[in-house]
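What follows is the content of upload.pdb, which has PDB, C-alpha atoms:
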```pdb
MODEL        1
ATOM      1  CA  GLU A  12     -24.382  -4.198  13.528
ATOM      2  CA  SER A  13     -21.975  -4.188  16.461
ATOM      3  CA  LEU A  14     -19.798  -1.252  17.412
ATOM      4  CA  THR A  15     -16.715  -3.153  16.185
ATOM      5  CA  ASP A  16     -18.318  -3.759  12.781
ATOM      6  CA  ALA A  17     -19.168  -0.075  12.490
ATOM      7  CA  ILE A  18     -15.557   1.012  13.101
ATOM      8  CA  PHE A  19     -13.385  -1.694  11.518
ATOM      9  CA  LYS A  20     -14.021  -3.121   8.061
ATOM     10  CA  ILE A  21     -12.153  -5.630   5.921
ATOM     11  CA  GLY A  22     -12.214  -5.150   2.169
ATOM     12  CA  THR A  23     -12.595  -7.801  -0.489
ATOM     13  CA  GLU A  24      -9.457  -9.873  -1.002
ATOM     14  CA  GLN A  25      -8.015  -9.546  -4.513
ATOM     15  CA  ALA A  26      -5.883 -12.091  -6.340
ATOM     16  CA  THR A  27      -2.459 -10.683  -7.209
ATOM     17  CA  THR A  28      -1.896 -13.234  -9.960
ATOM     18  CA  SER A  29      -2.067 -10.926 -12.995
ATOM     19  CA  GLY A  30      -2.026  -7.288 -13.995
ATOM     20  CA  THR A  31       0.377  -4.419 -13.375
ATOM     21  CA  GLU A  32      -1.740  -2.666 -10.756
ATOM     22  CA  ILE A  33      -4.185  -3.707  -8.057
ATOM     23  CA  ASP A  34      -6.661  -1.028  -6.886
ATOM     24  CA  PHE A  35      -8.674  -0.931  -3.673
ATOM     25  CA  THR A  36     -11.570   1.522  -3.279
ATOM     26  CA  ILE A  37     -11.600   3.252   0.104
ATOM     27  CA  PRO A  38     -14.827   4.690   1.567
ATOM     28  CA  SER A  39     -15.190   8.279   2.717
ATOM     29  CA  GLY A  40     -14.173   9.145   6.271
ATOM     30  CA  VAL A  41     -11.461   6.517   6.704
ATOM     31  CA  LYS A  42      -8.633   7.427   9.086
ATOM     32  CA  ARG A  43      -6.459   4.298   8.961
ATOM     33  CA  ILE A  44      -5.856   1.706   6.249
ATOM     34  CA  THR A  45      -3.917  -1.528   6.496
ATOM     35  CA  VAL A  46      -2.628  -2.999   3.230
ATOM     36  CA  MET A  47      -2.054  -6.747   3.633
ATOM     37  CA  PHE A  48       0.083  -9.081   1.493
ATOM     38  CA  LYS A  49      -0.064 -12.897   1.505
ATOM     39  CA  GLY A  50       2.259 -14.709  -0.893
ATOM     40  CA  VAL A  51       2.470 -11.748  -3.308
ATOM     41  CA  SER A  52       5.044 -11.771  -6.107
ATOM     42  CA  THR A  53       5.760 -10.102  -9.439
ATOM     43  CA  ASN A  54       7.393 -11.419 -12.591
ATOM     44  CA  GLY A  55      10.144  -8.787 -12.727
ATOM     45  CA  THR A  56      12.810  -6.905 -10.804
ATOM     46  CA  SER A  57      11.151  -3.496 -10.369
ATOM     47  CA  ASN A  58      10.595  -2.348  -6.783
ATOM     48  CA  TRP A  59       6.999  -2.079  -5.595
ATOM     49  CA  LEU A  60       4.904   0.992  -4.840
ATOM     50  CA  ILE A  61       1.816   1.709  -2.790
ATOM     51  CA  GLN A  62       0.169   4.768  -4.313
ATOM     52  CA  LEU A  63      -2.726   6.868  -3.033
ATOM     53  CA  GLY A  64      -5.537   8.320  -5.094
ATOM     54  CA  ASP A  65      -8.269  10.883  -4.663
ATOM     55  CA  ALA A  66     -11.012  12.341  -6.873
ATOM     56  CA  GLY A  67      -8.289  13.618  -9.236
ATOM     57  CA  GLY A  68      -6.842  10.127  -9.742
ATOM     58  CA  ILE A  69      -3.766   8.275  -8.508
ATOM     59  CA  GLU A  70      -1.034  10.627  -7.281
ATOM     60  CA  THR A  71       2.380   9.675  -8.663
ATOM     61  CA  SER A  72       4.634  12.330  -7.131
ATOM     62  CA  GLY A  73       5.312  14.118  -3.858
ATOM     63  CA  TYR A  74       5.797  11.070  -1.634
ATOM     64  CA  LEU A  75       8.466  11.402   1.053
ATOM     65  CA  GLY A  76      10.182   8.455   2.693
ATOM     66  CA  SER A  77      12.281   5.384   2.090
ATOM     67  CA  SER A  78      12.323   1.601   2.040
ATOM     68  CA  GLY A  79      14.940  -1.073   2.397
ATOM     69  CA  THR A  80      16.640  -3.694   4.506
ATOM     70  CA  SER A  81      20.191  -2.738   5.511
ATOM     71  CA  THR A  82      20.446  -0.031   2.844
ATOM     72  CA  TYR A  83      17.573   2.276   1.982
ATOM     73  CA  THR A  84      16.235   4.029  -1.098
ATOM     74  CA  ASN A  85      14.051   7.144  -1.244
ATOM     75  CA  TYR A  86      10.824   6.908  -3.232
ATOM     76  CA  THR A  87       8.807   9.880  -4.547
ATOM     77  CA  ALA A  88       6.248   8.161  -6.848
ATOM     78  CA  GLY A  89       4.684   6.122  -4.018
ATOM     79  CA  PHE A  90       5.496   4.432  -0.742
ATOM     80  CA  GLY A  91       8.263   2.056  -1.829
ATOM     81  CA  LEU A  92       8.823  -1.583  -1.027
ATOM     82  CA  GLN A  93      12.363  -2.486  -2.038
ATOM     83  CA  LEU A  94      11.627  -5.897  -3.571
ATOM     84  CA  ALA A  95      13.745  -6.067  -6.700
ATOM     85  CA  SER A  96      13.665  -9.820  -7.311
ATOM     86  CA  ALA A  97      11.133 -11.775  -9.353
ATOM     87  CA  ALA A  98      11.698 -14.606  -6.861
ATOM     88  CA  ASN A  99      10.425 -12.560  -3.898
ATOM     89  CA  VAL A 100       7.224 -13.939  -2.354
ATOM     90  CA  VAL A 101       6.129 -11.639   0.439
ATOM     91  CA  HIS A 102       3.801 -11.563   3.414
ATOM     92  CA  GLY A 103       3.056  -8.675   5.769
ATOM     93  CA  LEU A 104       1.358  -5.330   6.019
ATOM     94  CA  VAL A 105       1.727  -1.587   5.623
ATOM     95  CA  THR A 106      -0.382   0.795   7.705
ATOM     96  CA  LEU A 107      -1.500   4.164   6.338
ATOM     97  CA  SER A 108      -2.749   6.702   8.902
ATOM     98  CA  LEU A 109      -4.435  10.049   8.307
ATOM     99  CA  GLU A 110      -2.112  12.582   9.948
ATOM    100  CA  ASP A 111      -4.038  15.796   9.152
ATOM    101  CA  ALA A 112      -7.557  15.819   7.712
ATOM    102  CA  SER A 113      -7.334  19.519   6.731
ATOM    103  CA  ASP A 114      -4.652  18.882   4.084
ATOM    104  CA  PHE A 115      -5.328  15.155   3.520
ATOM    105  CA  SER A 116      -1.869  14.179   4.849
ATOM    106  CA  TRP A 117      -1.135  10.469   5.268
ATOM    107  CA  VAL A 118       1.816   8.693   6.894
ATOM    108  CA  CYS A 119       2.825   5.086   6.386
ATOM    109  CA  PHE A 120       4.854   2.450   8.158
ATOM    110  CA  GLY A 121       5.102  -1.273   7.653
ATOM    111  CA  GLY A 122       7.022  -4.192   6.376
ATOM    112  CA  VAL A 123       6.922  -7.454   4.521
ATOM    113  CA  GLY A 124       8.894 -10.631   4.975
ATOM    114  CA  ALA A 125       9.986 -12.910   2.161
ATOM    115  CA  SER A 126       9.197 -16.625   2.255
ATOM    116  CA  ASP A 127      11.492 -17.430  -0.684
ATOM    117  CA  SER A 128      14.509 -16.250   1.349
ATOM    118  CA  ALA A 129      15.131 -14.779   4.792
ATOM    119  CA  GLY A 130      14.583 -11.052   4.876
ATOM    120  CA  VAL A 131      12.287  -8.219   5.882
ATOM    121  CA  VAL A 132      11.761  -4.972   3.966
ATOM    122  CA  THR A 133      10.425  -1.930   5.815
ATOM    123  CA  THR A 134       8.874   1.250   4.489
ATOM    124  CA  ALA A 135       7.979   4.596   6.039
ATOM    125  CA  GLY A 136       6.890   7.923   4.616
ATOM    126  CA  SER A 137       4.288  10.638   4.184
ATOM    127  CA  LYS A 138       2.121  12.123   1.438
ATOM    128  CA  SER A 139      -0.371  14.990   1.271
ATOM    129  CA  LEU A 140      -3.191  14.554  -1.224
ATOM    130  CA  SER A 141      -5.195  17.238  -3.024
ATOM    131  CA  ALA A 142      -8.519  15.812  -1.757
ATOM    132  CA  GLU A 143      -9.914  12.991   0.401
ATOM    133  CA  LEU A 144      -8.347   9.586  -0.253
ATOM    134  CA  THR A 145     -10.490   7.237  -2.376
ATOM    135  CA  THR A 146      -8.059   4.613  -3.730
ATOM    136  CA  VAL A 147      -5.005   2.610  -2.701
ATOM    137  CA  ARG A 148      -3.007   1.107  -5.587
ATOM    138  CA  LEU A 149      -0.340  -1.605  -5.597
ATOM    139  CA  THR A 150       2.041  -1.380  -8.560
ATOM    140  CA  THR A 151       5.741  -1.351  -9.447
ATOM    141  CA  VAL A 152       8.181   1.485 -10.124
ATOM    142  CA  ASN A 153       8.406   0.625 -13.835
ATOM    143  CA  GLY A 154       4.642   0.081 -14.076
ATOM    144  CA  SER A 155       5.081  -2.890 -16.410
ATOM    145  CA  ASP A 156       6.066  -5.809 -14.137
ATOM    146  CA  ALA A 157       2.994  -7.967 -13.532
ATOM    147  CA  PHE A 158       1.816  -9.542 -10.315
ATOM    148  CA  ASP A 159       2.010 -13.329 -10.594
ATOM    149  CA  ALA A 160       1.166 -14.900  -7.203
ATOM    150  CA  GLY A 161      -0.743 -14.442  -3.975
ATOM    151  CA  VAL A 162      -3.513 -12.242  -2.644
ATOM    152  CA  ALA A 163      -3.779  -8.777  -1.140
ATOM    153  CA  ASN A 164      -6.441  -7.023   0.860
ATOM    154  CA  VAL A 165      -7.096  -3.844   2.827
ATOM    155  CA  SER A 166      -8.871  -3.108   6.057
ATOM    156  CA  TRP A 167      -9.893   0.309   7.266
ATOM    157  CA  GLU A 168     -10.938   2.149  10.392
ATOM    158  CA  PHE A 169     -13.123   5.240  10.745
TER     159      PHE A 169
ENDMDL
END
```

Would you mind writing the structure in this file as C-alpha cells?
Amino acid sequence: ESLTDAIFKIGTEQATTSGTEIDFTIPSGVKRITVMFKGVSTNGTSNWLIQLGDAGGIETSGYLGSSGTSTYTNYTAGFGLQLASAANVVHGLVTLSLEDASDFSWVCFGGVGASDSAGVVTTAGSKSLSAELTTVRLTTVNGSDAFDAGVANVSWEF
C-alpha cells in the first residue's frame, strides 16, 4: 500500500435514486471528509441536510451556519443545502474538517451547482459532536422527500 493510499480513501458510491436518507460509514481517526454529489435530485421541495452521527446516533440539533445563493437561511438540524425544487439536479462537494479533536468539533464548507438551471448553492457551518464521528447522512429538512436521481460518495483523509 502506498503512502497516498494510506492517507486518502474513497468510499463506496451509493445510488441516490430512492430512500429519504443516504448514510455513509466513516472510519475512526478521520480528520477530513468530502461529500460528493453527481446528478443528485429529490422528488420534493424540502431543502437538503448533511447530518453527522456518532456512537449515540445521528445528531439533529446544534448545527451553526447557513446556506443559500443570494439570500441565505440558517440551519440547526444539519448543514443545509438550500435546494427547494424537485427539479434541481446537483453536482459538487461539501468538505467537512475536524476543527478540534478534544470536543469532536467539525466545520464545513462547500457548494453544489445545478445542471437543470444555472445556479450555485453554498453552505458553511460548524457542529460539535458528543463523541467521535462515525456517520455522515444525506437527507432533507422534512425527512420525507425521497432521493430520485444520481449518485453520492464520500472520501476521507486521516

Using all atoms listed in the file, find all polymer residues with an atom at most 10 Å away from the point (-13.4, 3.4, 1.7); report them as a PyMOL selection string. chain A and resi 20+22+35-42+44+144-147+165-169

Just the number, please: distance in Å from atom CA of Ser96 of chain A to atom CA of Trp117 of chain A, one decimal. 28.1 Å

Given the file shown, determine the residues that the PyMOL selection byres ((chain A and resi 46) around 7) selects; report them as a PDB file with C-alpha atoms, in the frame of the given file.
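Result saved to result_13.pdb:
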```pdb
ATOM      1  CA  ILE A  44      -5.856   1.706   6.249  1.00  0.00           C
ATOM      2  CA  THR A  45      -3.917  -1.528   6.496  1.00  0.00           C
ATOM      3  CA  MET A  47      -2.054  -6.747   3.633  1.00  0.00           C
ATOM      4  CA  PHE A  48       0.083  -9.081   1.493  1.00  0.00           C
ATOM      5  CA  LEU A 104       1.358  -5.330   6.019  1.00  0.00           C
ATOM      6  CA  VAL A 105       1.727  -1.587   5.623  1.00  0.00           C
ATOM      7  CA  THR A 106      -0.382   0.795   7.705  1.00  0.00           C
ATOM      8  CA  ASN A 164      -6.441  -7.023   0.860  1.00  0.00           C
ATOM      9  CA  VAL A 165      -7.096  -3.844   2.827  1.00  0.00           C
ATOM     10  CA  SER A 166      -8.871  -3.108   6.057  1.00  0.00           C
TER      11      SER A 166
END
```

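Here, the PyMOL selection byres ((chain A and resi 70-79) around 8) matches Gln62, Leu63, Gly64, Asp65, Gly68, Ile69, Thr80, Ser81, Thr82, Tyr83, Thr84, Asn85, Tyr86, Thr87, Ala88, Gly89, Phe90, Gly91, Leu92, Gln93, Val132, Thr133, Thr134, Ala135, Gly136, Ser137, Lys138, Ser139 and Leu140 of chain A.
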
Got time to write the residues from that selection, C-alpha atoms, as a compact mmCIF listing (two decimals), in the coordinates of the input?
```
# COMPACT_ATOMS: atom_id res chain seq x y z
CA GLN A 62 0.17 4.77 -4.31
CA LEU A 63 -2.73 6.87 -3.03
CA GLY A 64 -5.54 8.32 -5.09
CA ASP A 65 -8.27 10.88 -4.66
CA GLY A 68 -6.84 10.13 -9.74
CA ILE A 69 -3.77 8.28 -8.51
CA THR A 80 16.64 -3.69 4.51
CA SER A 81 20.19 -2.74 5.51
CA THR A 82 20.45 -0.03 2.84
CA TYR A 83 17.57 2.28 1.98
CA THR A 84 16.24 4.03 -1.10
CA ASN A 85 14.05 7.14 -1.24
CA TYR A 86 10.82 6.91 -3.23
CA THR A 87 8.81 9.88 -4.55
CA ALA A 88 6.25 8.16 -6.85
CA GLY A 89 4.68 6.12 -4.02
CA PHE A 90 5.50 4.43 -0.74
CA GLY A 91 8.26 2.06 -1.83
CA LEU A 92 8.82 -1.58 -1.03
CA GLN A 93 12.36 -2.49 -2.04
CA VAL A 132 11.76 -4.97 3.97
CA THR A 133 10.42 -1.93 5.82
CA THR A 134 8.87 1.25 4.49
CA ALA A 135 7.98 4.60 6.04
CA GLY A 136 6.89 7.92 4.62
CA SER A 137 4.29 10.64 4.18
CA LYS A 138 2.12 12.12 1.44
CA SER A 139 -0.37 14.99 1.27
CA LEU A 140 -3.19 14.55 -1.22
```

What gap, in Å, lies between atom CA of Phe115 of chain A and atom CA of Ser141 of chain A?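 Computing the Euclidean distance for atom CA of Phe115 of chain A and atom CA of Ser141 of chain A yields 6.9 Å.
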
Just add N, CA and C atoms to segment 104-135 of chain A and send it as a tab-separated table (two decimals), in the coordinates of the input.
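Dumped to result_18.tsv:
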```
chain	number	residue	atom	x	y	z
A	104	LEU	N	2.32	-6.41	6.12
A	104	LEU	CA	1.36	-5.33	6.02
A	104	LEU	C	2.04	-3.97	6.10
A	105	VAL	N	1.33	-2.99	5.54
A	105	VAL	CA	1.73	-1.59	5.62
A	105	VAL	C	0.51	-0.81	6.11
A	106	THR	N	0.70	0.00	7.15
A	106	THR	CA	-0.38	0.80	7.70
A	106	THR	C	-0.27	2.23	7.23
A	107	LEU	N	-1.39	2.77	6.76
A	107	LEU	CA	-1.50	4.16	6.34
A	107	LEU	C	-2.41	4.87	7.33
A	108	SER	N	-1.95	5.98	7.91
A	108	SER	CA	-2.75	6.70	8.90
A	108	SER	C	-2.92	8.15	8.47
A	109	LEU	N	-4.15	8.65	8.61
A	109	LEU	CA	-4.43	10.05	8.31
A	109	LEU	C	-3.79	10.90	9.39
A	110	GLU	N	-2.85	11.75	8.99
A	110	GLU	CA	-2.11	12.58	9.95
A	110	GLU	C	-2.80	13.93	10.15
A	111	ASP	N	-3.37	14.49	9.07
A	111	ASP	CA	-4.04	15.80	9.15
A	111	ASP	C	-5.16	15.83	8.13
A	112	ALA	N	-6.40	15.84	8.61
A	112	ALA	CA	-7.56	15.82	7.71
A	112	ALA	C	-7.71	17.11	6.92
A	113	SER	N	-7.15	18.24	7.42
A	113	SER	CA	-7.33	19.52	6.73
A	113	SER	C	-6.55	19.59	5.43
A	114	ASP	N	-5.41	18.89	5.35
A	114	ASP	CA	-4.65	18.88	4.08
A	114	ASP	C	-4.46	17.46	3.54
A	115	PHE	N	-5.30	16.53	4.03
A	115	PHE	CA	-5.33	15.16	3.52
A	115	PHE	C	-3.95	14.49	3.58
A	116	SER	N	-3.22	14.73	4.68
A	116	SER	CA	-1.87	14.18	4.85
A	116	SER	C	-1.94	12.78	5.45
A	117	TRP	N	-1.21	11.86	4.82
A	117	TRP	CA	-1.14	10.47	5.27
A	117	TRP	C	0.30	10.12	5.59
A	118	VAL	N	0.50	9.26	6.58
A	118	VAL	CA	1.82	8.69	6.89
A	118	VAL	C	1.72	7.19	6.78
A	119	CYS	N	2.84	6.55	6.50
A	119	CYS	CA	2.82	5.09	6.39
A	119	CYS	C	3.99	4.49	7.14
A	120	PHE	N	3.78	3.26	7.60
A	120	PHE	CA	4.85	2.45	8.16
A	120	PHE	C	4.45	1.00	8.04
A	121	GLY	N	5.40	0.15	7.71
A	121	GLY	CA	5.10	-1.27	7.65
A	121	GLY	C	6.26	-2.06	7.10
A	122	GLY	N	5.99	-3.33	6.90
A	122	GLY	CA	7.02	-4.19	6.38
A	122	GLY	C	6.46	-5.50	5.87
A	123	VAL	N	7.27	-6.13	5.05
A	123	VAL	CA	6.92	-7.45	4.52
A	123	VAL	C	8.13	-8.36	4.66
A	124	GLY	N	7.84	-9.63	4.89
A	124	GLY	CA	8.89	-10.63	4.97
A	124	GLY	C	8.80	-11.57	3.80
A	125	ALA	N	9.95	-12.01	3.31
A	125	ALA	CA	9.99	-12.91	2.16
A	125	ALA	C	9.98	-14.35	2.63
A	126	SER	N	9.19	-15.20	1.94
A	126	SER	CA	9.20	-16.62	2.26
A	126	SER	C	10.10	-17.41	1.31
A	127	ASP	N	10.57	-16.77	0.24
A	127	ASP	CA	11.49	-17.43	-0.68
A	127	ASP	C	12.92	-17.36	-0.16
A	128	SER	N	13.20	-16.41	0.72
A	128	SER	CA	14.51	-16.25	1.35
A	128	SER	C	14.29	-15.49	2.64
A	129	ALA	N	15.27	-15.48	3.52
A	129	ALA	CA	15.13	-14.78	4.79
A	129	ALA	C	15.36	-13.29	4.59
A	130	GLY	N	14.40	-12.49	4.98
A	130	GLY	CA	14.58	-11.05	4.88
A	130	GLY	C	13.29	-10.31	5.11
A	131	VAL	N	13.42	-9.10	5.66
A	131	VAL	CA	12.29	-8.22	5.88
A	131	VAL	C	12.61	-6.87	5.27
A	132	VAL	N	11.64	-6.30	4.57
A	132	VAL	CA	11.76	-4.97	3.97
A	132	VAL	C	10.80	-4.05	4.69
A	133	THR	N	11.29	-2.90	5.15
A	133	THR	CA	10.42	-1.93	5.82
A	133	THR	C	10.22	-0.72	4.91
A	134	THR	N	9.16	0.01	5.19
A	134	THR	CA	8.87	1.25	4.49
A	134	THR	C	8.28	2.25	5.46
A	135	ALA	N	8.55	3.53	5.23
A	135	ALA	CA	7.98	4.60	6.04
A	135	ALA	C	7.97	5.86	5.20
```
